[in-house]
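Enquirer: Here you go, final.txt (compact mmCIF, C-alpha atoms):
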# COMPACT_ATOMS: atom_id res chain seq x y z
CA MET S 14 -18.99 -7.09 11.46
CA SER S 15 -21.61 -7.01 8.76
CA GLY S 16 -20.93 -8.82 5.53
CA THR S 17 -23.26 -6.49 3.64
CA VAL S 18 -22.02 -5.24 0.29
CA GLN S 19 -23.55 -2.16 -1.29
CA ALA S 20 -22.74 0.00 -4.27
CA LEU S 21 -21.87 3.59 -3.43
CA ASN S 22 -21.85 6.76 -5.46
CA LEU S 23 -19.13 8.79 -3.78
CA ALA S 24 -19.82 12.48 -3.32
CA GLY S 25 -22.10 12.58 -6.36
CA THR S 26 -19.15 12.18 -8.71
CA GLY S 27 -20.44 9.16 -10.54
CA THR S 28 -17.57 7.11 -9.12
CA HIS S 29 -18.93 3.77 -8.01
CA PHE S 30 -17.26 1.04 -6.02
CA LYS S 31 -18.47 -1.76 -3.83
CA LYS S 32 -18.30 -0.89 -0.18
CA VAL S 33 -17.59 -3.70 2.18
CA ARG S 34 -17.04 -2.96 5.82
CA ALA S 35 -13.34 -3.25 5.26
CA GLY S 36 -12.25 -2.32 8.75
CA LEU S 37 -8.74 -1.32 9.64
CA ILE S 38 -5.83 -3.70 9.82
CA ARG S 39 -4.95 -4.18 13.47
CA GLU S 40 -1.33 -3.30 14.08
CA GLY S 41 0.68 -5.45 16.46
CA GLY S 42 4.06 -4.92 18.01
CA TRP S 43 7.15 -3.59 16.31
CA SER S 44 8.52 -5.69 13.49
CA VAL S 45 11.83 -5.86 11.67
CA SER S 46 11.85 -3.55 8.66
CA PRO S 47 12.54 -5.36 5.37
CA MET S 48 16.22 -4.88 4.48
CA GLY S 49 15.29 -3.69 0.98
CA HIS S 50 13.17 -0.95 2.57
CA VAL S 51 15.99 0.06 4.94
CA MET S 52 18.34 0.42 1.96
CA PHE S 53 15.67 2.31 -0.01
CA CYS S 54 15.25 4.78 2.87
CA GLN S 55 19.01 5.33 3.04
CA ALA S 56 19.13 6.04 -0.69
CA ARG S 57 15.95 8.18 -0.73
CA PRO S 58 15.45 9.70 2.73
CA ALA S 59 12.69 12.07 1.54
CA GLU S 60 10.51 9.02 0.73
CA CYS S 61 10.79 7.79 4.33
CA ARG S 62 10.49 11.06 6.22
CA LYS S 63 8.52 11.05 9.45
CA PRO S 64 5.21 12.94 8.99
CA SER S 65 4.84 16.43 10.44
CA LEU S 66 3.28 16.90 13.87
CA VAL S 67 -0.14 17.02 12.18
CA HIS S 68 -0.53 13.27 11.79
CA VAL S 69 -3.44 12.07 9.63
CA THR S 70 -4.13 8.40 10.34
CA ARG S 71 -6.81 7.98 7.69
CA VAL S 72 -8.49 10.03 5.02
CA SER S 73 -12.10 10.55 4.08
CA MET S 74 -12.90 8.34 1.08
CA THR S 75 -14.53 10.79 -1.31
CA GLY S 76 -15.24 10.18 -4.96
CA GLY S 77 -12.19 12.21 -5.91
CA ARG S 78 -9.94 10.27 -3.58
CA PHE S 79 -11.21 6.93 -4.85
CA ALA S 80 -10.73 8.12 -8.42
CA ALA S 81 -7.12 9.09 -7.58
CA LEU S 82 -6.51 5.65 -6.08
CA GLN S 83 -7.96 3.97 -9.15
CA THR S 84 -6.13 6.17 -11.66
CA ILE S 85 -2.73 5.83 -10.00
CA ASN S 86 -3.11 2.11 -9.29
CA THR S 87 -3.95 1.40 -12.94
CA ALA S 88 -1.30 3.76 -14.33
CA VAL S 89 1.50 2.26 -12.25
CA ASN S 90 0.35 -1.30 -12.98
CA ARG S 91 0.70 -0.49 -16.68
CA ALA S 92 3.90 1.61 -16.46
CA ILE S 93 6.16 -0.97 -14.78
CA ILE S 94 7.04 -4.22 -16.53
CA PRO S 95 6.73 -7.05 -13.98
CA LEU S 96 10.17 -8.54 -13.33
CA ASN S 97 11.58 -10.27 -10.26
CA ASP S 98 14.71 -8.26 -9.49
CA ARG S 99 16.11 -10.64 -6.89
CA SER S 100 18.99 -12.48 -8.52
CA GLY S 101 19.47 -15.36 -6.09
CA PRO S 102 19.37 -16.71 -2.54
CA GLY S 103 20.80 -14.37 0.05
CA VAL S 104 20.61 -11.37 -2.30
CA ILE S 105 18.80 -8.39 -0.83
CA ASP S 106 15.85 -7.35 -2.96
CA GLN S 107 16.36 -3.96 -4.59
CA TRP S 108 13.47 -1.53 -3.86
CA SER S 109 13.20 1.08 -6.62
CA LEU S 110 11.02 4.10 -7.29
CA GLU S 111 9.60 4.49 -10.83
CA PRO S 112 11.65 1.67 -12.42
CA ARG S 113 11.06 0.62 -16.01
CA ALA S 114 10.75 -2.98 -14.78
CA GLY S 115 10.41 -4.28 -11.23
CA ASP S 116 8.58 -6.43 -8.77
CA CYS S 117 5.77 -5.93 -6.26
CA GLU S 118 7.49 -3.56 -3.83
CA ASP S 119 8.59 -1.34 -6.73
CA PHE S 120 4.96 -1.01 -7.80
CA ALA S 121 3.89 -0.28 -4.19
CA ILE S 122 6.47 2.44 -3.47
CA THR S 123 5.80 4.08 -6.84
CA LYS S 124 2.05 4.19 -6.08
CA ARG S 125 2.76 5.65 -2.62
CA HIS S 126 5.04 8.30 -4.12
CA ARG S 127 2.50 9.32 -6.77
CA LEU S 128 -0.41 9.47 -4.29
CA ILE S 129 1.61 11.68 -1.92
CA ALA S 130 2.40 13.94 -4.89
CA ALA S 131 -1.37 14.03 -5.59
CA GLY S 132 -2.05 15.30 -2.06
CA TRP S 133 -2.61 12.16 0.02
CA PRO S 134 -1.00 12.32 3.49
CA ALA S 135 1.98 9.96 3.75
CA SER S 136 0.77 8.62 7.10
CA ALA S 137 -2.40 7.21 5.46
CA LEU S 138 -0.39 5.31 2.83
CA ARG S 139 1.46 2.28 4.12
CA LEU S 140 3.55 -0.37 2.48
CA ALA S 141 2.63 -3.87 3.66
CA ILE S 142 4.05 -7.33 3.13
CA GLY S 143 2.60 -10.77 3.36
CA ARG S 144 2.54 -14.18 1.73
CA LEU S 145 0.54 -15.36 -1.25
CA PRO S 146 -1.13 -18.80 -1.19
CA SER S 147 1.95 -20.12 -3.04
CA GLY S 148 4.14 -19.02 -0.11
CA GLU S 149 5.81 -16.29 -2.16
CA GLY S 150 6.40 -12.97 -0.39
CA HIS S 151 4.37 -10.05 -1.71
CA ALA S 152 4.27 -6.28 -1.10
CA VAL S 153 1.34 -3.93 -1.66
CA LEU S 154 0.23 -0.42 -0.77
CA ILE S 155 -2.49 0.07 1.86
CA ALA S 156 -4.63 3.22 1.74
CA ARG S 157 -6.07 3.87 5.19
CA THR S 158 -9.49 5.57 4.93
CA ASP S 159 -12.56 6.26 7.01
CA LYS S 160 -14.17 3.35 5.10
CA GLY S 161 -11.35 0.96 6.07
CA ASP S 162 -8.04 -0.18 4.65
CA TYR S 163 -7.87 -0.70 0.90
CA VAL S 164 -5.20 -2.60 -1.04
CA LEU S 165 -3.49 -1.41 -4.21
CA ASP S 166 -1.88 -4.53 -5.69
CA ASN S 167 0.12 -4.87 -8.89
CA ARG S 168 -1.68 -8.16 -9.65
CA THR S 169 -5.00 -6.38 -10.27
CA ASP S 170 -6.40 -2.97 -11.16
CA ASP S 171 -9.23 -3.55 -8.66
CA ILE S 172 -8.85 -1.79 -5.33
CA ARG S 173 -10.04 -4.17 -2.64
CA PRO S 174 -10.69 -4.12 1.09
CA TRP S 175 -7.75 -5.80 2.82
CA ARG S 176 -9.89 -8.76 3.93
CA GLN S 177 -10.86 -9.53 0.34
CA THR S 178 -7.36 -10.40 -0.80
CA ASP S 179 -5.55 -13.74 -0.79
CA ILE S 180 -2.63 -12.26 1.18
CA ARG S 181 -1.63 -13.68 4.58
CA TRP S 182 -0.50 -10.45 6.22
CA LEU S 183 2.84 -10.18 8.03
CA SER S 184 3.80 -6.54 8.58
CA MET S 185 3.05 -2.96 7.60
CA GLN S 186 4.76 0.41 7.85
CA SER S 187 3.99 2.46 10.92
CA GLY S 188 1.86 5.50 10.17
CA ALA S 189 3.79 7.51 12.75
CA ASN S 190 7.16 6.88 11.10
CA PRO S 191 7.47 5.07 7.74
CA GLN S 192 10.99 3.89 8.57
CA PHE S 193 9.53 1.52 11.16
CA TRP S 194 7.24 -1.48 10.65
CA ARG S 195 4.54 -3.15 12.76
CA SER S 196 3.44 -6.77 12.75
CA ILE S 197 -0.08 -7.52 11.55
Translate the structure of the given file into structure tokens.
Expert:
Amino acid sequence: MSGTVQALNLAGTGTHFKKVRAGLIREGGWSVSPMGHVMFCQARPAECRKPSLVHVTRVSMTGGRFAALQTINTAVNRAIIPLNDRSGPGVIDQWSLEPRAGDCEDFAITKRHRLIAAGWPASALRLAIGRLPSGEGHAVLIARTDKGDYVLDNRTDDIRPWRQTDIRWLSMQSGANPQFWRSI
């Protein structure tokens, strides 16, 4: 894999971002779905619906698509007040869509919801979890594109290739059925 970085002008739109050969995250075997996600899917089944038979595994990263990622990532990062909603050991983390205040998975599912509403295929938008250098669990949204997998993280407005984050990856939603998760 080349480590070359180059600036791109996507589709003549004036939208620039640094392209790094991001590659796709390699999915492993089936993994246990986070309990907060299971409960979220029970409460909001439309958010976890299996894609139609026309399954899009990744989208073409055009200037308009990158602009949508950037706009929604920034808007959600500013709309939700960061707040750890887990109240103690053994308490299942509450996953919420469009909360006033919430933690990382709330940001990620809100971004996924808004991008789907903006026309992105659900199968190309995957929730993922991992560990930060501190050991703390962390959830983000992965946008799967023809340029590789890109991370939308509530800790930054920058959209980065998955390999350029400090996250030690654990698992990610399956593109075939968002109720199920795969190890990374």
Enquirer: With a distance cut-off of 12 Å and all atoms listed in the file, select the neighbouring residues of stretch 42-55 of chain S, excluding the residue or stretch itself and same-chain residues fewer than 4 positions from it, and output the selection as JSON, numbers by chain.
Expert: {"S": [59, 60, 61, 62, 63, 98, 99, 103, 104, 105, 106, 107, 108, 109, 110, 118, 119, 121, 122, 140, 141, 142, 143, 150, 151, 152, 183, 184, 185, 186, 187, 190, 191, 192, 193, 194, 195, 196, 197]}
Enquirer: Tell me which protein, DNA and RNA residues are within 9 Å of stretch 155-163 of chain S, counting all atoms listed in the file, leaving out same-chain ones fewer than 3 positions away, and put them as a VMD selection string.
Expert: chain S and resid 32 to 38 70 to 74 82 121 125 136 to 141 166 172 to 176 185
Enquirer: Name the closest residue to S:Gly188 among the candidates S:Cys117, S:Ala130, S:Val69, S:Ala56; distances are taken between atoms, counting only C-alpha atoms.
Expert: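 Closest residue, counting only C-alpha atoms: S:Val69.
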Enquirer: Quote the spacing between atom CA of S:Val153 and atom CA of S:Val89 in Å to one decimal place.
Expert: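 One can read the atom CA of S:Val153 to atom CA of S:Val89 distance as 12.3 Å.
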Enquirer: Interatomic distance between atom CA of S:Glu149 and atom CA of S:Gly115?
Expert: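 It comes out at 15.7 Å.
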Enquirer: Report the distance between atom CA of S:Asn167 and atom CA of S:Arg113 in Å, rounded to one decimal place.
Expert: 14.2 Å
Enquirer: May I have the residues within 8 Å of S:Lys124 as a short mmCIF file (atom, residue, chain, number, x, y, z; two decimals) with C-alpha atoms, keeping the file's coordinate frame, using all atoms listed in the file and disregarding those fewer than 4 positions away in the same chain?
Expert:
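The result, stored in result_28.cif:
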data_model
loop_
_atom_site.label_atom_id
_atom_site.label_comp_id
_atom_site.auth_asym_id
_atom_site.auth_seq_id
_atom_site.Cartn_x
_atom_site.Cartn_y
_atom_site.Cartn_z
CA ILE S 85 -2.73 5.83 -10.00
CA ASN S 86 -3.11 2.11 -9.29
CA VAL S 89 1.50 2.26 -12.25
CA PHE S 120 4.96 -1.01 -7.80
CA LEU S 128 -0.41 9.47 -4.29
CA LEU S 154 0.23 -0.42 -0.77
#
